>>> print(open('start_26.cif').read())   # mmCIF, C-alpha atoms
data_start
loop_
_atom_site.label_atom_id
_atom_site.label_comp_id
_atom_site.auth_asym_id
_atom_site.auth_seq_id
_atom_site.Cartn_x
_atom_site.Cartn_y
_atom_site.Cartn_z
CA MET L 88 -24.42 7.73 -7.65
CA LEU L 89 -22.27 8.87 -10.61
CA ARG L 90 -18.68 9.22 -9.41
CA THR L 91 -16.53 9.78 -12.50
CA ILE L 92 -16.94 12.09 -15.50
CA TYR L 93 -14.39 12.51 -18.29
CA LEU L 94 -15.56 15.07 -20.88
CA GLN L 95 -12.24 16.71 -21.73
CA GLY L 96 -11.15 17.68 -25.24
CA ASN L 97 -14.57 18.42 -26.77
CA HIS L 98 -16.05 21.70 -27.98
CA PHE L 99 -18.67 22.19 -25.28
CA VAL L 100 -19.79 25.77 -24.65
CA GLY L 101 -21.87 27.55 -22.03
CA ASP L 102 -22.35 26.91 -18.33
CA ILE L 103 -21.89 23.53 -16.66
CA PRO L 104 -25.33 21.83 -16.85
CA VAL L 105 -27.47 21.66 -13.72
CA SER L 106 -27.48 17.86 -14.02
CA VAL L 107 -23.73 17.86 -13.39
CA VAL L 108 -23.87 20.52 -10.68
CA GLN L 109 -26.31 18.37 -8.71
CA LEU L 110 -24.03 15.30 -8.61
CA ARG L 111 -23.19 15.37 -4.92
CA GLY L 112 -21.18 12.13 -4.99
CA ILE L 113 -18.84 13.07 -7.82
CA GLU L 114 -15.21 12.07 -7.16
CA VAL L 115 -13.49 12.63 -10.52
CA LEU L 116 -14.44 15.54 -12.79
CA ASP L 117 -12.44 16.40 -15.92
CA LEU L 118 -13.95 19.14 -18.10
CA SER L 119 -10.65 20.48 -19.40
CA ARG L 120 -9.96 21.76 -22.93
CA ASN L 121 -13.49 22.88 -23.76
CA ASN L 122 -15.06 26.34 -24.07
CA LEU L 123 -17.18 26.19 -20.93
CA SER L 124 -17.96 29.40 -19.05
CA GLY L 125 -19.79 30.65 -15.98
CA GLN L 126 -18.90 30.37 -12.32
CA ILE L 127 -17.69 27.32 -10.35
CA VAL L 128 -19.13 28.03 -6.91
CA PHE L 129 -21.04 24.73 -7.17
CA LEU L 130 -17.80 23.00 -6.09
CA LYS L 131 -18.61 23.91 -2.48
CA ASN L 132 -21.19 21.12 -2.53
CA CYS L 133 -18.88 18.47 -4.03
CA ILE L 134 -17.46 17.21 -0.76
CA PHE L 135 -16.19 13.90 -2.15
CA ILE L 136 -14.28 15.21 -5.15
CA ALA L 137 -10.70 13.90 -5.34
CA TYR L 138 -9.62 14.89 -8.86
CA LEU L 139 -10.63 18.11 -10.59
CA ASN L 140 -9.43 19.42 -13.95
CA LEU L 141 -11.17 22.55 -15.29
CA SER L 142 -8.17 23.89 -17.21
CA TYR L 143 -8.37 25.53 -20.64
CA ASN L 144 -11.91 26.89 -20.38
CA ASN L 145 -13.50 30.32 -19.90
CA PHE L 146 -14.70 30.07 -16.29
CA GLU L 147 -14.97 33.31 -14.36
CA GLY L 148 -15.62 34.68 -10.92
CA GLU L 149 -14.32 33.66 -7.53
CA VAL L 150 -12.83 30.23 -6.85
CA PRO L 151 -14.25 28.62 -3.67
CA ASN L 152 -11.94 29.01 -0.69
CA GLU L 153 -9.40 26.38 0.27
CA GLU L 154 -11.91 24.29 2.23
CA ILE L 155 -13.11 22.66 -0.98
CA PHE L 156 -9.57 21.74 -2.02
CA ARG L 157 -8.52 19.98 1.18
CA ASN L 158 -9.81 16.61 -0.03
CA ILE L 159 -8.62 17.09 -3.61
CA SER L 160 -5.39 15.24 -4.30
CA ALA L 161 -5.03 16.78 -7.76
CA PHE L 162 -6.57 19.77 -9.43
CA SER L 163 -5.88 22.19 -12.26
CA LEU L 164 -7.51 25.49 -13.16
CA VAL L 165 -4.90 26.80 -15.60
CA LYS L 166 -5.84 28.97 -18.58
CA ASN L 167 -9.07 30.32 -17.08
CA THR L 168 -8.04 33.97 -17.17
CA LYS L 169 -11.19 35.39 -15.56
CA LEU L 170 -10.98 33.42 -12.31
CA CYS L 171 -9.98 35.12 -9.07
CA GLY L 172 -9.59 34.47 -5.35
CA GLY L 173 -9.18 30.97 -3.93
CA MET L 174 -6.11 29.47 -2.28
CA LYS L 175 -2.98 31.60 -2.34
CA GLU L 176 -1.12 28.71 -4.00
CA LEU L 177 -3.22 29.29 -7.12
CA GLN L 178 -1.69 32.77 -7.41
CA LEU L 179 -4.93 34.21 -8.76
CA PRO L 180 -5.77 37.93 -8.53
CA ALA L 181 -7.90 38.89 -5.55
CA ARG L 182 -10.44 40.35 -7.94
CA ALA L 183 -11.41 39.49 -11.50
CA PRO L 184 -9.19 41.29 -14.05
CA LEU L 185 -10.81 44.22 -15.81
CA GLU L 186 -9.38 43.28 -19.18
CA LYS L 187 -7.92 40.21 -20.81
CA LYS L 188 -4.14 40.03 -20.40
CA ASN L 189 -1.44 37.56 -21.15
CA GLN L 190 -1.47 35.31 -18.10
CA MET L 191 0.91 32.56 -19.07
CA SER L 192 2.23 32.38 -15.49
CA THR L 193 -0.94 33.37 -13.60
CA GLN L 194 -1.67 29.95 -12.14
CA GLN L 195 1.03 27.57 -11.06
CA ALA L 196 -1.20 24.87 -9.48
CA SER L 197 -0.58 22.46 -12.34
CA LEU L 198 -0.80 18.71 -11.98
CA ASP L 199 2.90 18.09 -12.46
CA PRO L 200 5.23 20.35 -10.46
CA PRO L 201 8.64 18.83 -9.61
CA LEU L 202 8.73 16.66 -6.52
CA PRO L 203 11.12 18.90 -4.55
CA ASN L 204 8.79 21.90 -4.79
CA GLN L 205 5.45 20.24 -4.19
CA TYR L 206 6.13 17.60 -1.57
CA THR L 207 7.26 17.62 2.04
CA LYS L 208 11.01 17.37 2.40
CA LEU L 209 12.21 14.50 4.59
CA SER L 210 15.77 13.64 5.54
CA TYR L 211 17.43 10.26 5.95
CA ALA L 212 17.21 10.79 9.72
CA ASP L 213 13.45 11.34 9.47
CA LEU L 214 12.97 8.04 7.64
CA PHE L 215 15.42 6.23 9.90
CA GLN L 216 13.36 7.30 12.89
CA ALA L 217 10.03 6.52 11.20
CA THR L 218 11.02 2.90 10.49
CA ASP L 219 12.87 2.22 13.77
CA GLY L 220 16.17 2.21 11.92
CA PHE L 221 14.77 0.24 8.98
CA ALA L 222 14.17 -2.63 11.36
CA SER L 223 13.45 -6.09 10.00
CA PHE L 224 10.11 -6.24 11.82
CA ASN L 225 9.00 -3.25 9.72
CA LEU L 226 10.03 -4.88 6.45
CA VAL L 227 6.95 -5.27 4.25
CA ALA L 228 8.37 -6.49 0.94
CA GLU L 229 11.57 -6.87 -1.04
CA GLY L 230 12.05 -6.42 -4.76
CA LYS L 231 14.73 -6.24 -7.40
CA TYR L 232 15.57 -2.61 -6.80
CA GLY L 233 14.96 -2.24 -3.08
CA SER L 234 12.97 -2.94 0.05
CA ILE L 235 9.75 -1.49 1.46
CA PHE L 236 9.38 -0.67 5.15
CA GLN L 237 6.34 0.50 7.05
CA GLY L 238 6.74 3.43 9.40
CA ILE L 239 5.21 6.42 11.15
CA LEU L 240 6.35 9.97 10.43
CA SER L 241 6.99 11.81 13.68
CA SER L 242 5.93 15.15 12.17
CA ASP L 243 2.26 14.24 11.79
CA GLU L 244 2.07 10.59 12.94
CA GLN L 245 1.16 9.52 9.42
CA PHE L 246 1.54 5.82 8.53
CA VAL L 247 3.71 5.44 5.44
CA ALA L 248 5.50 2.91 3.27
CA VAL L 249 9.17 3.75 2.65
CA LYS L 250 10.67 2.24 -0.50
CA VAL L 251 14.45 2.22 -0.01
CA LEU L 252 16.44 1.79 -3.21
CA ASN L 253 19.30 -0.68 -3.36
CA LEU L 254 21.76 1.57 -5.17
CA GLN L 255 24.20 -1.31 -5.66
CA GLN L 256 21.71 -2.94 -8.01
CA HIS L 257 22.25 -2.01 -11.63
CA GLY L 258 19.32 0.06 -12.86
CA ALA L 259 18.12 1.14 -9.42
CA ILE L 260 18.79 4.85 -9.96
CA LYS L 261 17.09 4.72 -13.36
CA SER L 262 14.12 2.99 -11.73
CA PHE L 263 13.99 5.67 -9.01
CA THR L 264 14.04 8.46 -11.59
CA ALA L 265 11.36 6.77 -13.73
CA GLU L 266 9.08 6.27 -10.75
CA CYS L 267 9.44 9.87 -9.58
CA GLU L 268 8.80 11.13 -13.10
CA ALA L 269 5.66 9.00 -13.45
CA LEU L 270 4.23 9.59 -9.98
CA ARG L 271 4.59 13.37 -10.15
CA ARG L 272 2.37 13.40 -13.25
CA ILE L 273 -0.51 11.22 -12.10
CA ARG L 274 -3.36 11.47 -9.59
CA HIS L 275 -6.10 8.87 -9.42
CA ARG L 276 -7.94 7.06 -6.64
CA ASN L 277 -6.69 3.71 -7.97
CA LEU L 278 -3.02 4.67 -8.11
CA VAL L 279 -0.76 4.62 -5.08
CA LYS L 280 -0.23 8.12 -3.72
CA ILE L 281 3.32 9.43 -3.36
CA ILE L 282 3.98 11.53 -0.26
CA THR L 283 7.54 12.57 -1.05
CA SER L 284 10.94 11.38 -2.18
CA CYS L 285 14.27 11.49 -0.40
CA SER L 286 17.68 11.79 -2.05
CA SER L 287 20.24 12.17 0.70
CA ILE L 288 23.25 10.71 2.51
CA ASP L 289 22.95 8.06 5.23
CA PHE L 290 24.80 8.01 8.54
CA LYS L 291 27.76 6.24 6.89
CA GLY L 292 28.12 8.90 4.23
CA ASP L 293 26.70 6.72 1.44
CA ASP L 294 24.10 7.85 -1.08
CA PHE L 295 20.51 7.17 -0.05
CA LYS L 296 17.37 7.32 -2.16
CA ALA L 297 13.83 6.45 -1.11
CA LEU L 298 10.21 7.02 -2.02
CA VAL L 299 7.63 7.64 0.69
CA LEU L 300 4.18 6.36 -0.23
CA GLU L 301 0.81 5.93 1.43
CA LEU L 302 0.64 2.72 3.44
CA MET L 303 -1.89 0.14 2.31
CA PRO L 304 -3.21 -1.71 5.40
CA ASN L 305 -4.36 -4.80 3.49
CA GLY L 306 -1.07 -5.44 1.75
CA SER L 307 -0.86 -6.65 -1.82
CA LEU L 308 -3.23 -8.58 -4.05
CA GLU L 309 -0.50 -11.22 -4.24
CA GLY L 310 -0.82 -11.86 -0.51
CA TRP L 311 -4.55 -12.50 -0.80
CA LEU L 312 -4.38 -14.66 -3.92
CA HIS L 313 -1.50 -16.78 -2.64
CA PRO L 314 -1.36 -16.41 1.16
CA SER L 315 1.50 -18.01 3.07
CA ASN L 316 -1.13 -19.00 5.63
CA PRO L 317 -4.23 -20.49 3.92
CA LYS L 318 -6.38 -19.32 6.81
CA LEU L 319 -5.84 -15.74 5.61
CA GLN L 320 -7.76 -16.49 2.43
CA ASP L 321 -11.20 -15.98 3.93
CA PRO L 322 -14.03 -16.38 1.35
CA LYS L 323 -16.18 -14.11 3.50
CA ILE L 324 -13.72 -11.23 2.99
CA PHE L 325 -11.93 -11.92 -0.26
CA ASN L 326 -15.05 -13.06 -2.06
CA LEU L 327 -16.20 -13.03 -5.66
CA GLY L 328 -17.72 -9.56 -5.41
CA GLN L 329 -14.55 -8.20 -3.82
CA ARG L 330 -12.39 -9.66 -6.57
CA LEU L 331 -14.66 -8.12 -9.19
CA ASN L 332 -14.39 -4.70 -7.52
CA ILE L 333 -10.60 -4.99 -7.47
CA ALA L 334 -10.54 -5.97 -11.15
CA ILE L 335 -12.60 -2.86 -11.94
CA ASP L 336 -10.29 -0.66 -9.84
CA ILE L 337 -7.22 -1.90 -11.73
CA ALA L 338 -8.91 -1.40 -15.10
CA SER L 339 -9.87 2.12 -14.03
CA ALA L 340 -6.24 2.86 -13.17
CA LEU L 341 -5.06 1.61 -16.57
CA ASP L 342 -7.75 3.57 -18.39
CA TYR L 343 -6.52 6.72 -16.65
CA LEU L 344 -2.83 6.00 -17.36
CA HIS L 345 -3.41 5.14 -21.01
CA SER L 346 -6.01 7.72 -21.98
CA HIS L 347 -6.67 10.38 -19.35
CA SER L 348 -3.38 11.38 -17.73
CA GLU L 349 -1.40 14.35 -19.00
CA VAL L 350 0.56 12.02 -21.29
CA ALA L 351 0.03 8.31 -21.90
CA ILE L 352 1.91 6.14 -19.40
CA ILE L 353 2.73 2.45 -19.82
CA HIS L 354 3.15 0.70 -16.49
CA CYS L 355 5.22 -2.19 -17.91
CA ASP L 356 5.09 -4.36 -14.77
CA LEU L 357 1.49 -5.02 -13.80
CA LYS L 358 1.19 -8.06 -11.53
CA PRO L 359 -0.53 -8.98 -8.22
CA SER L 360 2.37 -7.86 -6.03
CA ASN L 361 2.16 -4.39 -7.58
CA VAL L 362 -1.53 -4.01 -6.71
CA LEU L 363 -2.00 -2.77 -3.14
CA LEU L 364 -5.23 -2.83 -1.13
CA ALA L 365 -6.49 -0.05 1.14
CA ASP L 366 -8.44 -0.69 4.33
CA ASP L 367 -11.68 -0.77 2.32
CA PHE L 368 -10.05 -3.12 -0.24
CA CYS L 369 -9.97 -0.36 -2.85
CA ALA L 370 -7.10 -1.34 -5.18
CA ARG L 371 -4.12 0.93 -5.90
CA VAL L 372 -1.68 0.14 -8.71
CA SER L 373 1.89 0.74 -7.53
CA ASP L 374 5.57 0.44 -8.52
CA PHE L 375 6.23 2.65 -11.51
CA GLY L 376 9.95 1.88 -11.61
CA LEU L 377 9.66 0.42 -15.11
CA ALA L 378 7.00 2.83 -16.37
CA ARG L 379 7.45 4.54 -19.70
CA ILE L 380 6.00 7.98 -20.41
CA LEU L 381 5.01 8.41 -24.03
CA SER L 382 5.93 11.73 -25.57
CA LYS L 383 3.19 13.56 -27.46
CA THR L 384 4.81 12.56 -30.74
CA HIS L 385 4.31 8.92 -29.79
CA CYS L 386 0.74 9.32 -28.54
CA SER L 387 -0.93 7.80 -31.55
CA SER L 388 -4.06 5.69 -31.39
CA ASN L 389 -1.94 2.65 -30.59
CA HIS L 390 0.17 4.41 -27.92
CA GLN L 391 3.44 2.79 -28.93
CA GLN L 392 7.06 3.63 -28.29
CA SER L 393 10.28 2.08 -29.44
CA SER L 394 12.52 0.48 -26.84
CA SER L 395 16.16 -0.49 -26.80
CA ILE L 396 16.29 -1.87 -23.28
CA GLY L 397 15.20 -5.42 -24.08
CA ILE L 398 12.55 -7.34 -22.18
CA ILE L 399 11.02 -5.48 -19.24
CA GLY L 400 8.48 -6.75 -16.77
CA THR L 401 7.99 -10.00 -14.89
CA LEU L 402 8.00 -13.52 -16.29
CA GLY L 403 4.47 -14.74 -16.91
CA TYR L 404 3.02 -11.25 -17.27
CA ILE L 405 5.23 -9.93 -20.10
CA ALA L 406 3.48 -9.43 -23.42
CA PRO L 407 4.87 -11.93 -25.96
CA GLU L 408 5.75 -9.19 -28.48
CA TYR L 409 8.22 -7.69 -25.98
CA GLY L 410 10.23 -10.90 -26.13
CA MET L 411 10.53 -10.50 -29.89
CA GLY L 412 11.67 -6.88 -29.89
CA GLY L 413 8.18 -5.47 -30.32
CA LEU L 414 7.26 -1.88 -29.46
CA LEU L 415 6.26 -0.91 -25.94
CA SER L 416 2.56 -0.09 -25.95
CA THR L 417 -0.54 0.22 -23.82
CA ARG L 418 -1.58 -3.12 -25.32
CA GLY L 419 1.36 -4.67 -23.50
CA ASP L 420 -0.18 -3.49 -20.24
CA MET L 421 -3.50 -5.00 -21.31
CA TYR L 422 -1.81 -8.38 -21.81
CA SER L 423 -0.48 -8.21 -18.25
CA TYR L 424 -3.94 -7.21 -17.04
CA GLY L 425 -5.52 -10.16 -18.84
CA VAL L 426 -3.13 -12.60 -17.18
CA LEU L 427 -3.74 -10.97 -13.80
CA LEU L 428 -7.51 -11.20 -14.28
CA LEU L 429 -7.28 -14.92 -15.10
CA GLU L 430 -5.09 -15.45 -12.03
CA MET L 431 -7.53 -13.58 -9.79
CA PHE L 432 -10.41 -15.90 -10.62
CA THR L 433 -8.63 -19.23 -11.15
CA GLY L 434 -6.12 -18.86 -8.32
CA LYS L 435 -3.34 -20.13 -10.62
CA ARG L 436 -0.13 -18.24 -11.23
CA PRO L 437 0.97 -17.93 -14.87
CA THR L 438 4.24 -19.55 -13.77
CA ASN L 439 2.51 -22.66 -12.35
CA LYS L 440 4.50 -25.79 -13.16
CA MET L 441 1.51 -27.17 -15.08
CA PHE L 442 2.20 -24.57 -17.78
CA SER L 443 5.01 -25.12 -20.25
CA ASP L 444 5.88 -24.34 -23.86
CA SER L 445 2.75 -23.05 -25.63
CA PHE L 446 0.35 -24.29 -22.94
CA ASN L 447 -0.16 -21.31 -20.67
CA LEU L 448 -2.79 -19.81 -18.36
CA HIS L 449 -4.51 -18.11 -21.31
CA ARG L 450 -4.92 -21.37 -23.21
CA PHE L 451 -5.89 -23.31 -20.07
CA VAL L 452 -8.81 -20.96 -19.45
CA ARG L 453 -9.79 -20.59 -23.09
CA MET L 454 -10.08 -24.39 -23.50
CA SER L 455 -12.41 -24.60 -20.48
CA LEU L 456 -14.86 -21.88 -21.51
CA PRO L 457 -17.74 -21.80 -21.26
CA SER L 458 -18.98 -25.24 -20.20
CA GLN L 459 -16.17 -26.16 -17.78
CA VAL L 460 -15.79 -22.84 -16.04
CA MET L 461 -16.65 -24.14 -12.57
CA SER L 462 -13.88 -26.71 -12.81
CA ILE L 463 -11.15 -24.08 -13.19
CA VAL L 464 -12.19 -21.26 -10.84
CA ASP L 465 -10.45 -20.69 -7.49
CA HIS L 466 -11.65 -23.22 -4.91
CA CYS L 467 -12.44 -20.35 -2.50
CA ILE L 468 -15.04 -19.06 -4.96
CA LEU L 469 -16.59 -22.53 -5.08
CA LEU L 470 -16.70 -22.61 -1.26
CA GLU L 471 -18.40 -19.22 -1.27
CA VAL L 472 -21.07 -20.40 -3.73
CA GLU L 473 -21.67 -23.55 -1.70
CA GLU L 474 -21.94 -21.63 1.59
CA ASP L 475 -24.41 -19.22 0.01
CA ARG L 476 -26.56 -22.13 -1.16
CA ASN L 477 -26.50 -23.78 2.27
CA ARG L 478 -27.34 -20.54 4.01
CA SER L 479 -30.20 -19.40 1.78
CA GLY L 480 -31.50 -22.77 0.70
CA THR L 481 -31.55 -21.59 -2.91
CA SER L 482 -28.95 -21.52 -5.59
CA ASN L 483 -27.92 -18.91 -8.09
CA ILE L 484 -25.11 -21.08 -9.40
CA ALA L 485 -26.18 -20.73 -13.03
CA LYS L 486 -26.16 -16.94 -12.88
CA VAL L 487 -22.87 -16.85 -10.94
CA GLU L 488 -21.43 -19.21 -13.55
CA ASP L 489 -22.49 -16.80 -16.30
CA CYS L 490 -20.76 -14.00 -14.41
CA LEU L 491 -17.52 -16.00 -14.14
CA VAL L 492 -17.63 -16.95 -17.82
CA SER L 493 -17.97 -13.29 -18.79
CA ILE L 494 -15.09 -12.22 -16.55
CA LEU L 495 -12.75 -14.94 -17.79
CA GLN L 496 -13.65 -14.21 -21.41
CA ILE L 497 -12.42 -10.66 -20.85
CA GLY L 498 -9.20 -12.05 -19.39
CA VAL L 499 -8.75 -14.31 -22.41
CA SER L 500 -9.38 -11.41 -24.79
CA CYS L 501 -6.90 -9.14 -23.02
CA SER L 502 -4.19 -11.83 -22.98
CA ALA L 503 -4.49 -12.66 -26.68
CA GLU L 504 -1.14 -13.29 -28.33
CA LEU L 505 -1.62 -10.64 -31.01
CA PRO L 506 -1.72 -7.05 -29.66
CA SER L 507 -4.35 -6.07 -32.22
CA GLU L 508 -6.79 -8.62 -30.77
CA ARG L 509 -6.67 -7.22 -27.23
CA ILE L 510 -9.37 -4.90 -25.95
CA ASP L 511 -8.38 -1.63 -24.30
CA ALA L 512 -8.88 -0.57 -20.70
CA ARG L 513 -11.89 1.61 -21.44
CA ASP L 514 -13.84 -1.27 -23.01
CA VAL L 515 -12.78 -3.59 -20.18
CA LEU L 516 -14.10 -1.07 -17.67
CA ILE L 517 -17.44 -0.83 -19.44
CA GLU L 518 -17.87 -4.60 -19.65
CA LEU L 519 -16.81 -5.29 -16.06
CA ASN L 520 -19.25 -2.70 -14.74
CA LYS L 521 -22.04 -4.42 -16.69
CA ILE L 522 -21.00 -7.74 -15.15
CA ARG L 523 -20.94 -6.23 -11.66
CA ASN L 524 -24.43 -4.80 -12.11
CA ALA L 525 -25.69 -8.20 -13.23
CA PHE L 526 -23.90 -9.87 -10.31
CA LEU L 527 -25.42 -7.48 -7.75
CA ALA L 528 -28.87 -8.09 -9.24
CA VAL L 529 -28.40 -11.76 -8.37
CA THR L 530 -26.64 -11.56 -5.00
CA GLY L 531 -27.66 -8.13 -3.72
CA PRO L 532 -25.25 -5.42 -2.50
#
>>> encode(input="start_26.cif", output="structure tokens")
Amino acid sequence: MLRTIYLQGNHFVGDIPVSVVQLRGIEVLDLSRNNLSGQIVFLKNCIFIAYLNLSYNNFEGEVPNEEIFRNISAFSLVKNTKLCGGMKELQLPARAPLEKKNQMSTQQASLDPPLPNQYTKLSYADLFQATDGFASFNLVAEGKYGSIFQGILSSDEQFVAVKVLNLQQHGAIKSFTAECEALRRIRHRNLVKIITSCSSIDFKGDDFKALVLELMPNGSLEGWLHPSNPKLQDPKIFNLGQRLNIAIDIASALDYLHSHSEVAIIHCDLKPSNVLLADDFCARVSDFGLARILSKTHCSSNHQQSSSIGIIGTLGYIAPEYGMGGLLSTRGDMYSYGVLLLEMFTGKRPTNKMFSDSFNLHRFVRMSLPSQVMSIVDHCILLEVEEDRNRSGTSNIAKVEDCLVSILQIGVSCSAELPSERIDARDVLIELNKIRNAFLAVTGP
């Protein structure tokens, strides 16, 4: 059942162990920057793999044909000079080289080629047609820098979300550039997938810029936490277990951005409206218009970077140090995550009118833990617990209460005022998975 393995940057030698080769359900495998050797034909059996990084090793022999790579959204084999064959895009020799040569440009299938070269090119006319002329009935959401429309590409009948930039808004072009720069560097199952970008001229001769992204059928987390129609908030669908899974998905995305992507990336605007839900309710973090990519010189243990642009983010989710000129850091993202986690399980926005001055969502939850936890959780969770008791005739309220206390304690820790007191995404991920295992032991899968 193991799905994710990150073992990059060690000094491992020899062949990949049989115990790893036999993991048929593996989805993410990063063994880069080691001294591993041997062949990689085992990949033919990894039919679920979505992210593969074997770069900077000593693998040899033939790369499996392109069939294995069709379901991989990101992969890298660079600096394995004894590999051969495989997809033509890898630009590998048909046969293994007889002697070691300088192969700086042998493989160009890196994880971060420029958007224009890697992605399908679409014109303004293509997007105009896909969205029925950017019709109002296809409008999904509106934000500071633009609007998002749903559509269908005529070329392959693919459902997409088209984010059209409002170029009259100050900062829109900078946001577009930042999002392209971030999205071209990252690939993860819990990050929204970019299909292409479009920088063109519209039918009036005006500049036009848009991002084309995968469409998320279940909308945003915001829509489920605070539905315009209360009937949409169905406890049978958006239940406690589902919320916990979503919380884990978001933490997984942050762990990747902060510690496992090519360079550390700070999202800078994590909030429910920027978390999208696929048809299976798998969460995807989106909107990288404010993201900051940390250069290698800034990638210290604290992942900090100076900023001269003032406060960035959304009121209620902004780390307090940003308001006092503090450095941008991954810990700022963790503050936003902590607030989001508290909102997910209490149902209260951080901007609720009950909060003012120093009394905020963090303090509200902290003052209620652990004994009063059931008095502050979302009423839909309470309905779910009550329905479960009526249906089964038994009650696991005490164990569910323990689960909620543990989750909210993580939210409180992440949203601590001092950055040094916040836990990082990796530790959050570990703790939430423990909580989910305990929860499933009580309620069943």
>>> atom_distance(input="start_26.cif", atom1="atom CA of Leu252 of chain L", atom2="atom CA of Ile235 of chain L")
8.8 Å
>>> resolve_selection(input="start_26.cif", expression="the PyMOL selection byres ((chain L and resi 421-434) around 8)", output="PyMOL selection string")
chain L and resi 312-313+330+334+338+356-359+403-406+417-420+435-437+448-449+452+463-466+468+491+494-495+497-503+506+509-512
>>> residues_around(input="start_26.cif", residues="segment 127-139 of chain L", least_positions_apart="3", cutoff="8 Å", atoms="all atoms listed in the file", output="PyMOL selection string")
chain L and resi 108+110-117+146-151+155+158-163+274-276
>>> residues_around(input="start_26.cif", residues="Leu254 of chain L", least_positions_apart="6", cutoff="9 Å", atoms="all atoms listed in the file", output="list in words")
Tyr232, Gly233, Ile260, Asp294, Phe295 and Lys296 of chain L
>>> residues_around(input="start_26.cif", residues="Arg379 of chain L", least_positions_apart="5", cutoff="7 Å", atoms="all atoms listed in the file", output="list in words")
Ile352, Ile353 and His354 of chain L
>>> write_last_selection(input="start_26.cif", atoms="C-alpha atoms", output="compact mmCIF listing (two decimals), in the frame of the given file")
# COMPACT_ATOMS: atom_id res chain seq x y z
CA ILE L 352 1.91 6.14 -19.40
CA ILE L 353 2.73 2.45 -19.82
CA HIS L 354 3.15 0.70 -16.49
>>> atom_distance(input="start_26.cif", atom1="atom CA of Asp374 of chain L", atom2="atom CA of Ser507 of chain L")
26.5 Å
>>> closest_residue(input="start_26.cif", among="L:Ser286, L:Asn121, L:Lys280, L:Glu349", to="Val372 of chain L", atoms="all atoms listed in the file")
L:Lys280
>>> atom_distance(input="start_26.cif", atom1="atom CA of Tyr143 of chain L", atom2="atom CA of Met174 of chain L")
18.9 Å
>>> closest_residue(input="start_26.cif", among="L:Leu278, L:Leu527, L:Ile399, L:Ala485", to="Leu341 of chain L", atoms="only C-alpha atoms")
L:Leu278
>>> resolve_selection(input="start_26.cif", expression="the PyMOL selection byres ((chain L and resi 284) around 9)", output="PyMOL selection string")
chain L and resi 202-203+206-209+267+281-283+285-286+296-300
>>> write_last_selection(input="start_26.cif", atoms="C-alpha atoms", output="tab-separated table (two decimals), in the frame of the given file")
chain	number	residue	atom	x	y	z
L	202	LEU	CA	8.73	16.66	-6.52
L	203	PRO	CA	11.12	18.90	-4.55
L	206	TYR	CA	6.13	17.60	-1.57
L	207	THR	CA	7.26	17.62	2.04
L	208	LYS	CA	11.01	17.37	2.40
L	209	LEU	CA	12.21	14.50	4.59
L	267	CYS	CA	9.44	9.87	-9.58
L	281	ILE	CA	3.32	9.43	-3.36
L	282	ILE	CA	3.98	11.53	-0.26
L	283	THR	CA	7.54	12.57	-1.05
L	285	CYS	CA	14.27	11.49	-0.40
L	286	SER	CA	17.68	11.79	-2.05
L	296	LYS	CA	17.37	7.32	-2.16
L	297	ALA	CA	13.83	6.45	-1.11
L	298	LEU	CA	10.21	7.02	-2.02
L	299	VAL	CA	7.63	7.64	0.69
L	300	LEU	CA	4.18	6.36	-0.23
>>> residues_around(input="start_26.cif", residues="Ser262 of chain L", least_positions_apart="6", cutoff="8 Å", atoms="only C-alpha atoms", output="PDB file with C-alpha atoms, in the frame of the given file")
ATOM      1  CA  TYR L 232      15.570  -2.610  -6.800  1.00  0.00           C
ATOM      2  CA  PHE L 375       6.230   2.650 -11.510  1.00  0.00           C
ATOM      3  CA  GLY L 376       9.950   1.880 -11.610  1.00  0.00           C
ATOM      4  CA  LEU L 377       9.660   0.420 -15.110  1.00  0.00           C
TER       5      LEU L 377
END
>>> closest_residue(input="start_26.cif", among="L:Ala378, L:Val350, L:Ile333, L:Ile324", to="Cys467 of chain L", atoms="only C-alpha atoms")
L:Ile324
>>> closest_residue(input="start_26.cif", among="L:Ser416, L:Ser462, L:Ala212, L:Arg513", to="Lys291 of chain L", atoms="only C-alpha atoms")
L:Ala212
>>> build_atoms(input="start_26.cif", residues="segment 414-418 of chain L", atoms="N, CA, C and O atoms", output="compact mmCIF listing (two decimals), keeping the file's coordinate frame")
# COMPACT_ATOMS: atom_id res chain seq x y z
N LEU L 414 7.35 -3.20 -30.06
CA LEU L 414 7.26 -1.88 -29.46
C LEU L 414 6.54 -1.94 -28.12
O LEU L 414 5.61 -2.71 -27.92
N LEU L 415 6.99 -1.10 -27.18
CA LEU L 415 6.26 -0.91 -25.94
C LEU L 415 4.94 -0.24 -26.27
O LEU L 415 4.89 0.69 -27.08
N SER L 416 3.86 -0.69 -25.66
CA SER L 416 2.56 -0.09 -25.95
C SER L 416 1.60 -0.32 -24.80
O SER L 416 1.83 -1.16 -23.92
N THR L 417 0.50 0.42 -24.82
CA THR L 417 -0.54 0.22 -23.82
C THR L 417 -1.14 -1.18 -23.95
O THR L 417 -1.65 -1.74 -22.97
N ARG L 418 -1.06 -1.76 -25.13
CA ARG L 418 -1.58 -3.12 -25.32
C ARG L 418 -0.73 -4.15 -24.58
O ARG L 418 -1.21 -5.24 -24.25
